[in-house]
file query-v3.pdb (PDB, N, CA and C atoms)
ATOM      1  N   MET J   1       0.836  -1.183   0.000
ATOM      2  CA  MET J   1       0.000   0.000   0.000
ATOM      3  C   MET J   1       0.884   1.252   0.000
ATOM      4  N   ALA J   2       0.470   2.277  -0.721
ATOM      5  CA  ALA J   2       1.239   3.513  -0.851
ATOM      6  C   ALA J   2       1.177   4.340   0.432
ATOM      7  N   GLU J   3       2.199   5.179   0.608
ATOM      8  CA  GLU J   3       2.208   6.117   1.726
ATOM      9  C   GLU J   3       1.053   7.094   1.585
ATOM     10  N   PRO J   4       0.455   7.508   2.686
ATOM     11  CA  PRO J   4      -0.580   8.553   2.604
ATOM     12  C   PRO J   4       0.020   9.837   2.026
ATOM     13  N   VAL J   5      -0.772  10.586   1.293
ATOM     14  CA  VAL J   5      -0.290  11.839   0.707
ATOM     15  C   VAL J   5      -0.149  12.922   1.773
ATOM     16  N   ILE J   6      -0.953  12.839   2.832
ATOM     17  CA  ILE J   6      -0.866  13.772   3.956
ATOM     18  C   ILE J   6      -0.787  12.955   5.238
ATOM     19  N   GLN J   7       0.190  13.298   6.080
ATOM     20  CA  GLN J   7       0.339  12.641   7.379
ATOM     21  C   GLN J   7       0.557  13.701   8.447
ATOM     22  N   LEU J   8      -0.228  13.647   9.485
ATOM     23  CA  LEU J   8      -0.013  14.489  10.658
ATOM     24  C   LEU J   8       0.352  13.548  11.792
ATOM     25  N   ARG J   9       1.471  13.814  12.441
ATOM     26  CA  ARG J   9       1.974  12.938  13.489
ATOM     27  C   ARG J   9       2.208  13.720  14.768
ATOM     28  N   GLY J  10       1.386  13.454  15.776
ATOM     29  CA  GLY J  10       1.557  14.072  17.082
ATOM     30  C   GLY J  10       1.455  15.587  17.051
ATOM     31  N   VAL J  11       0.603  16.113  16.169
ATOM     32  CA  VAL J  11       0.525  17.560  15.971
ATOM     33  C   VAL J  11      -0.219  18.241  17.120
ATOM     34  N   THR J  12       0.443  19.226  17.685
ATOM     35  CA  THR J  12      -0.133  20.050  18.738
ATOM     36  C   THR J  12      -0.032  21.510  18.312
ATOM     37  N   LYS J  13      -1.116  22.256  18.545
ATOM     38  CA  LYS J  13      -1.127  23.684  18.228
ATOM     39  C   LYS J  13      -1.988  24.398  19.258
ATOM     40  N   ALA J  14      -1.441  25.475  19.817
ATOM     41  CA  ALA J  14      -2.167  26.273  20.803
ATOM     42  C   ALA J  14      -2.034  27.738  20.424
ATOM     43  N   TYR J  15      -3.018  28.510  20.820
ATOM     44  CA  TYR J  15      -3.020  29.958  20.601
ATOM     45  C   TYR J  15      -3.211  30.647  21.936
ATOM     46  N   ARG J  16      -2.760  31.880  22.013
ATOM     47  CA  ARG J  16      -2.975  32.703  23.197
ATOM     48  C   ARG J  16      -4.195  33.578  22.962
ATOM     49  N   LYS J  17      -5.113  33.559  23.889
ATOM     50  CA  LYS J  17      -6.294  34.419  23.836
ATOM     51  C   LYS J  17      -6.358  35.143  25.174
ATOM     52  N   GLY J  18      -6.042  36.434  25.124
ATOM     53  CA  GLY J  18      -5.902  37.149  26.389
ATOM     54  C   GLY J  18      -4.696  36.594  27.106
ATOM     55  N   GLY J  19      -4.834  36.246  28.348
ATOM     56  CA  GLY J  19      -3.746  35.643  29.100
ATOM     57  C   GLY J  19      -3.856  34.138  29.173
ATOM     58  N   GLN J  20      -4.756  33.572  28.396
ATOM     59  CA  GLN J  20      -5.044  32.142  28.485
ATOM     60  C   GLN J  20      -4.579  31.410  27.225
ATOM     61  N   GLU J  21      -4.068  30.201  27.400
ATOM     62  CA  GLU J  21      -3.672  29.372  26.280
ATOM     63  C   GLU J  21      -4.855  28.508  25.852
ATOM     64  N   LEU J  22      -5.138  28.513  24.555
ATOM     65  CA  LEU J  22      -6.228  27.716  23.993
ATOM     66  C   LEU J  22      -5.614  26.639  23.101
ATOM     67  N   VAL J  23      -5.662  25.396  23.555
ATOM     68  CA  VAL J  23      -5.110  24.277  22.783
ATOM     69  C   VAL J  23      -6.189  23.801  21.812
ATOM     70  N   VAL J  24      -5.912  23.925  20.494
ATOM     71  CA  VAL J  24      -6.904  23.506  19.499
ATOM     72  C   VAL J  24      -6.587  22.138  18.909
ATOM     73  N   LEU J  25      -5.316  21.756  18.893
ATOM     74  CA  LEU J  25      -4.918  20.411  18.464
ATOM     75  C   LEU J  25      -3.961  19.857  19.509
ATOM     76  N   ASP J  26      -4.190  18.624  19.930
ATOM     77  CA  ASP J  26      -3.396  18.046  21.005
ATOM     78  C   ASP J  26      -2.982  16.622  20.651
ATOM     79  N   GLY J  27      -1.823  16.484  20.006
ATOM     80  CA  GLY J  27      -1.307  15.160  19.650
ATOM     81  C   GLY J  27      -2.056  14.505  18.510
ATOM     82  N   LEU J  28      -2.517  15.294  17.545
ATOM     83  CA  LEU J  28      -3.321  14.770  16.434
ATOM     84  C   LEU J  28      -2.493  13.898  15.499
ATOM     85  N   ASP J  29      -2.991  12.700  15.222
ATOM     86  CA  ASP J  29      -2.469  11.812  14.188
ATOM     87  C   ASP J  29      -3.557  11.660  13.137
ATOM     88  N   MET J  30      -3.198  11.859  11.867
ATOM     89  CA  MET J  30      -4.193  11.753  10.793
ATOM     90  C   MET J  30      -3.488  11.406   9.494
ATOM     91  N   ASP J  31      -4.093  10.537   8.701
ATOM     92  CA  ASP J  31      -3.596  10.204   7.372
ATOM     93  C   ASP J  31      -4.675  10.504   6.349
ATOM     94  N   VAL J  32      -4.247  10.984   5.195
ATOM     95  CA  VAL J  32      -5.140  11.164   4.060
ATOM     96  C   VAL J  32      -4.481  10.459   2.882
ATOM     97  N   ASP J  33      -5.158   9.466   2.343
ATOM     98  CA  ASP J  33      -4.633   8.708   1.213
ATOM     99  C   ASP J  33      -4.881   9.440  -0.100
ATOM    100  N   THR J  34      -4.060   9.154  -1.079
ATOM    101  CA  THR J  34      -4.223   9.730  -2.414
ATOM    102  C   THR J  34      -5.618   9.413  -2.931
ATOM    103  N   GLY J  35      -6.323  10.432  -3.415
ATOM    104  CA  GLY J  35      -7.662  10.260  -3.967
ATOM    105  C   GLY J  35      -8.776  10.251  -2.940
ATOM    106  N   GLU J  36      -8.433  10.287  -1.670
ATOM    107  CA  GLU J  36      -9.441  10.261  -0.604
ATOM    108  C   GLU J  36     -10.038  11.649  -0.417
ATOM    109  N   PHE J  37     -11.340  11.704  -0.199
ATOM    110  CA  PHE J  37     -12.039  12.950   0.101
ATOM    111  C   PHE J  37     -12.494  12.911   1.544
ATOM    112  N   LEU J  38     -12.233  13.989   2.267
ATOM    113  CA  LEU J  38     -12.617  14.082   3.672
ATOM    114  C   LEU J  38     -13.382  15.368   3.910
ATOM    115  N   ALA J  39     -14.204  15.367   4.931
ATOM    116  CA  ALA J  39     -14.877  16.582   5.387
ATOM    117  C   ALA J  39     -14.428  16.833   6.824
ATOM    118  N   LEU J  40     -13.957  18.046   7.077
ATOM    119  CA  LEU J  40     -13.599  18.436   8.437
ATOM    120  C   LEU J  40     -14.809  19.134   9.035
ATOM    121  N   MET J  41     -15.342  18.552  10.094
ATOM    122  CA  MET J  41     -16.550  19.101  10.710
ATOM    123  C   MET J  41     -16.319  19.288  12.198
ATOM    124  N   GLY J  42     -16.896  20.343  12.725
ATOM    125  CA  GLY J  42     -16.801  20.593  14.154
ATOM    126  C   GLY J  42     -17.213  22.014  14.451
ATOM    127  N   PRO J  43     -17.401  22.307  15.717
ATOM    128  CA  PRO J  43     -17.818  23.663  16.098
ATOM    129  C   PRO J  43     -16.693  24.671  15.875
ATOM    130  N   SER J  44     -17.060  25.927  15.899
ATOM    131  CA  SER J  44     -16.088  27.003  15.786
ATOM    132  C   SER J  44     -15.018  26.840  16.852
ATOM    133  N   GLY J  45     -13.765  26.999  16.446
ATOM    134  CA  GLY J  45     -12.665  26.896  17.394
ATOM    135  C   GLY J  45     -12.151  25.495  17.635
ATOM    136  N   SER J  46     -12.655  24.514  16.873
ATOM    137  CA  SER J  46     -12.255  23.127  17.115
ATOM    138  C   SER J  46     -10.994  22.715  16.354
ATOM    139  N   GLY J  47     -10.457  23.596  15.485
ATOM    140  CA  GLY J  47      -9.189  23.290  14.827
ATOM    141  C   GLY J  47      -9.264  22.989  13.344
ATOM    142  N   LYS J  48     -10.434  23.125  12.728
ATOM    143  CA  LYS J  48     -10.579  22.799  11.299
ATOM    144  C   LYS J  48      -9.658  23.651  10.424
ATOM    145  N   SER J  49      -9.743  24.951  10.571
ATOM    146  CA  SER J  49      -8.898  25.854   9.769
ATOM    147  C   SER J  49      -7.433  25.701  10.143
ATOM    148  N   THR J  50      -7.162  25.429  11.388
ATOM    149  CA  THR J  50      -5.784  25.226  11.830
ATOM    150  C   THR J  50      -5.164  24.040  11.100
ATOM    151  N   ILE J  51      -5.892  22.946  10.969
ATOM    152  CA  ILE J  51      -5.395  21.772  10.247
ATOM    153  C   ILE J  51      -5.066  22.146   8.806
ATOM    154  N   LEU J  52      -5.964  22.853   8.140
ATOM    155  CA  LEU J  52      -5.737  23.243   6.749
ATOM    156  C   LEU J  52      -4.541  24.191   6.629
ATOM    157  N   ASN J  53      -4.401  25.125   7.568
ATOM    158  CA  ASN J  53      -3.262  26.050   7.545
ATOM    159  C   ASN J  53      -1.941  25.315   7.762
ATOM    160  N   LEU J  54      -1.935  24.296   8.596
ATOM    161  CA  LEU J  54      -0.732  23.497   8.819
ATOM    162  C   LEU J  54      -0.360  22.711   7.568
ATOM    163  N   ILE J  55      -1.338  22.098   6.930
ATOM    164  CA  ILE J  55      -1.091  21.318   5.716
ATOM    165  C   ILE J  55      -0.555  22.216   4.603
ATOM    166  N   GLY J  56      -1.086  23.427   4.502
ATOM    167  CA  GLY J  56      -0.657  24.355   3.462
ATOM    168  C   GLY J  56       0.611  25.126   3.784
ATOM    169  N   GLY J  57       1.173  24.910   4.956
ATOM    170  CA  GLY J  57       2.401  25.594   5.330
ATOM    171  C   GLY J  57       2.195  27.046   5.715
ATOM    172  N   LEU J  58       0.953  27.429   5.990
ATOM    173  CA  LEU J  58       0.673  28.795   6.415
ATOM    174  C   LEU J  58       0.925  28.993   7.904
ATOM    175  N   ASP J  59       0.974  27.887   8.627
ATOM    176  CA  ASP J  59       1.192  27.906  10.074
ATOM    177  C   ASP J  59       2.103  26.736  10.413
ATOM    178  N   GLU J  60       2.749  26.786  11.559
ATOM    179  CA  GLU J  60       3.621  25.703  12.011
ATOM    180  C   GLU J  60       3.072  25.087  13.287
ATOM    181  N   PRO J  61       3.207  23.781  13.440
ATOM    182  CA  PRO J  61       2.748  23.151  14.685
ATOM    183  C   PRO J  61       3.680  23.521  15.836
ATOM    184  N   ASP J  62       3.142  23.523  17.051
ATOM    185  CA  ASP J  62       3.968  23.708  18.242
ATOM    186  C   ASP J  62       4.779  22.447  18.514
ATOM    187  N   ALA J  63       4.221  21.296  18.127
ATOM    188  CA  ALA J  63       4.899  20.008  18.263
ATOM    189  C   ALA J  63       4.364  19.081  17.184
ATOM    190  N   GLY J  64       5.134  18.056  16.866
ATOM    191  CA  GLY J  64       4.709  17.076  15.877
ATOM    192  C   GLY J  64       5.179  17.439  14.482
ATOM    193  N   ASP J  65       4.708  16.673  13.494
ATOM    194  CA  ASP J  65       5.136  16.869  12.115
ATOM    195  C   ASP J  65       3.950  16.795  11.169
ATOM    196  N   VAL J  66       4.047  17.565  10.105
ATOM    197  CA  VAL J  66       3.060  17.579   9.026
ATOM    198  C   VAL J  66       3.816  17.209   7.761
ATOM    199  N   ILE J  67       3.459  16.068   7.172
ATOM    200  CA  ILE J  67       4.157  15.569   5.991
ATOM    201  C   ILE J  67       3.166  15.547   4.832
ATOM    202  N   VAL J  68       3.513  16.243   3.755
ATOM    203  CA  VAL J  68       2.669  16.291   2.563
ATOM    204  C   VAL J  68       3.524  15.875   1.377
ATOM    205  N   ALA J  69       3.064  14.872   0.654
ATOM    206  CA  ALA J  69       3.774  14.367  -0.530
ATOM    207  C   ALA J  69       5.243  14.079  -0.215
ATOM    208  N   GLY J  70       5.491  13.523   0.966
ATOM    209  CA  GLY J  70       6.831  13.127   1.359
ATOM    210  C   GLY J  70       7.692  14.224   1.946
ATOM    211  N   SER J  71       7.194  15.464   2.001
ATOM    212  CA  SER J  71       7.971  16.582   2.547
ATOM    213  C   SER J  71       7.443  16.986   3.912
ATOM    214  N   SER J  72       8.358  17.189   4.845
ATOM    215  CA  SER J  72       7.992  17.702   6.157
ATOM    216  C   SER J  72       7.772  19.202   6.013
ATOM    217  N   VAL J  73       6.526  19.630   6.024
ATOM    218  CA  VAL J  73       6.171  21.022   5.748
ATOM    219  C   VAL J  73       6.817  21.996   6.738
ATOM    220  N   PRO J  74       6.818  21.732   8.054
ATOM    221  CA  PRO J  74       7.430  22.701   8.977
ATOM    222  C   PRO J  74       8.924  22.915   8.751
ATOM    223  N   SER J  75       9.601  21.968   8.120
ATOM    224  CA  SER J  75      11.043  22.119   7.902
ATOM    225  C   SER J  75      11.348  22.948   6.652
ATOM    226  N   LEU J  76      10.349  23.220   5.831
ATOM    227  CA  LEU J  76      10.551  24.019   4.623
ATOM    228  C   LEU J  76      10.566  25.505   4.968
ATOM    229  N   SER J  77      11.369  26.258   4.251
ATOM    230  CA  SER J  77      11.377  27.700   4.467
ATOM    231  C   SER J  77      11.642  28.410   3.145
ATOM    232  N   GLY J  78      11.266  29.658   3.089
ATOM    233  CA  GLY J  78      11.572  30.503   1.945
ATOM    234  C   GLY J  78      11.148  29.925   0.610
ATOM    235  N   GLU J  79      12.112  29.820  -0.282
ATOM    236  CA  GLU J  79      11.854  29.367  -1.648
ATOM    237  C   GLU J  79      11.322  27.932  -1.685
ATOM    238  N   ALA J  80      11.818  27.065  -0.812
ATOM    239  CA  ALA J  80      11.357  25.676  -0.782
ATOM    240  C   ALA J  80       9.868  25.611  -0.441
ATOM    241  N   LEU J  81       9.418  26.457   0.472
ATOM    242  CA  LEU J  81       8.009  26.487   0.840
ATOM    243  C   LEU J  81       7.159  27.023  -0.315
ATOM    244  N   SER J  82       7.646  28.028  -1.005
ATOM    245  CA  SER J  82       6.934  28.565  -2.170
ATOM    246  C   SER J  82       6.808  27.517  -3.266
ATOM    247  N   THR J  83       7.886  26.792  -3.528
ATOM    248  CA  THR J  83       7.865  25.729  -4.533
ATOM    249  C   THR J  83       6.905  24.619  -4.128
ATOM    250  N   PHE J  84       6.939  24.245  -2.847
ATOM    251  CA  PHE J  84       6.027  23.220  -2.325
ATOM    252  C   PHE J  84       4.570  23.624  -2.562
ATOM    253  N   ARG J  85       4.233  24.866  -2.208
ATOM    254  CA  ARG J  85       2.846  25.332  -2.377
ATOM    255  C   ARG J  85       2.440  25.325  -3.838
ATOM    256  N   ALA J  86       3.328  25.751  -4.717
ATOM    257  CA  ALA J  86       3.018  25.784  -6.149
ATOM    258  C   ALA J  86       2.761  24.384  -6.702
ATOM    259  N   ARG J  87       3.466  23.397  -6.195
ATOM    260  CA  ARG J  87       3.331  22.023  -6.711
ATOM    261  C   ARG J  87       2.190  21.230  -6.061
ATOM    262  N   HIS J  88       1.905  21.487  -4.794
ATOM    263  CA  HIS J  88       1.020  20.576  -4.061
ATOM    264  C   HIS J  88      -0.262  21.193  -3.492
ATOM    265  N   ILE J  89      -0.327  22.502  -3.395
ATOM    266  CA  ILE J  89      -1.487  23.103  -2.734
ATOM    267  C   ILE J  89      -2.348  23.813  -3.754
TER     268      ILE J  89
END
call {"tool": "encode", "arguments": {"input": "query-v3.pdb", "output": "structure tokens"}}
result
Amino acid sequence: MAEPVIQLRGVTKAYRKGGQELVVLDGLDMDVDTGEFLALMGPSGSGKSTILNLIGGLDEPDAGDVIVAGSSVPSLSGEALSTFRARHI
């Protein structure tokens, strides 16, 4: 079986709201196979947009890894990230 096209491994992401930390993703593991269609559903603030921003390289996880098409997205920077987005997003 082929590797998933998107892999999230132990992804954690928190934001500061006022003086309080809001954890929206806590150790998330998720795979998306090539050709698979998914719907992200949940209430406001549950992390749906955060997941998409992490996959697209618009945001970085506080912990864990986001792998898209074999590339670790958080490790990309500058021109490599631009090239990644042009090819995969």
call {"tool": "atom_distance", "arguments": {"input": "query-v3.pdb", "atom1": "atom N of Thr34 of chain J", "atom2": "atom N of Ala2 of chain J"}}
result
8.2 Å
call {"tool": "closest_residue", "arguments": {"input": "query-v3.pdb", "among": "J:Leu8, J:Met41, J:Ala86, J:Ser46", "to": "Val24 of chain J", "atoms": "only N, CA and C atoms"}}
result
J:Ser46
call {"tool": "closest_residue", "arguments": {"input": "query-v3.pdb", "among": "J:Arg87, J:Lys13, J:Ile67, J:Leu81", "to": "Ile55 of chain J", "atoms": "only N, CA and C atoms"}}
result
J:Ile67
call {"tool": "select_by_dssp", "arguments": {"input": "query-v3.pdb", "residues": "chain J", "states": "strand (DSSP E)", "output": "number ranges by chain"}}
result
J: 6-17, 20-32, 63-68, 71-72
call {"tool": "closest_residue", "arguments": {"input": "query-v3.pdb", "among": "J:Leu58, J:Leu38, J:Ile6, J:Leu22", "to": "Ser82 of chain J", "atoms": "only C-alpha atoms"}}
result
J:Leu58
call {"tool": "resolve_selection", "arguments": {"input": "query-v3.pdb", "expression": "the PyMOL selection byres (((chain J and resi 57 and name CA) around 8) and name CA)", "output": "list in words"}}
result
Asn53, Leu54, Ile55, Gly56, Leu58, Asp59, Glu60, Val73, Pro74, Leu81 and Arg85 of chain J
call {"tool": "resolve_selection", "arguments": {"input": "query-v3.pdb", "expression": "the PyMOL selection byres (((chain J and resi 12 and name CA) around 10) and name CA)", "output": "VMD selection string"}}
result
chain J and resid 8 to 11 13 to 14 23 to 29 60 to 65
call {"tool": "closest_residue", "arguments": {"input": "query-v3.pdb", "among": "J:Phe37, J:Gly45, J:Val68, J:Gly78", "to": "Tyr15 of chain J", "atoms": "only C-alpha atoms"}}
result
J:Gly45
call {"tool": "atom_distance", "arguments": {"input": "query-v3.pdb", "atom1": "atom CA of Ile51 of chain J", "atom2": "atom CA of Met30 of chain J"}}
result
10.1 Å
call {"tool": "atom_distance", "arguments": {"input": "query-v3.pdb", "atom1": "atom CA of Val5 of chain J", "atom2": "atom CA of Gly70 of chain J"}}
result
7.3 Å
call {"tool": "select_by_dssp", "arguments": {"input": "query-v3.pdb", "residues": "chain J", "states": "helix (DSSP H, G or I)", "output": "MDAnalysis selection string"}}
result
chainID J and resid 48:55 73:75 78:88
call {"tool": "axis_aligned_box", "arguments": {"input": "query-v3.pdb", "around": "segment 8-17 of chain J", "padding_each_side": "8 Å", "output": "AutoDock Vina command-line options"}}
result
--center_x -2.1 --center_y 24.0 --center_z 17.3 --size_x 24.6 --size_y 38.2 --size_z 31.7
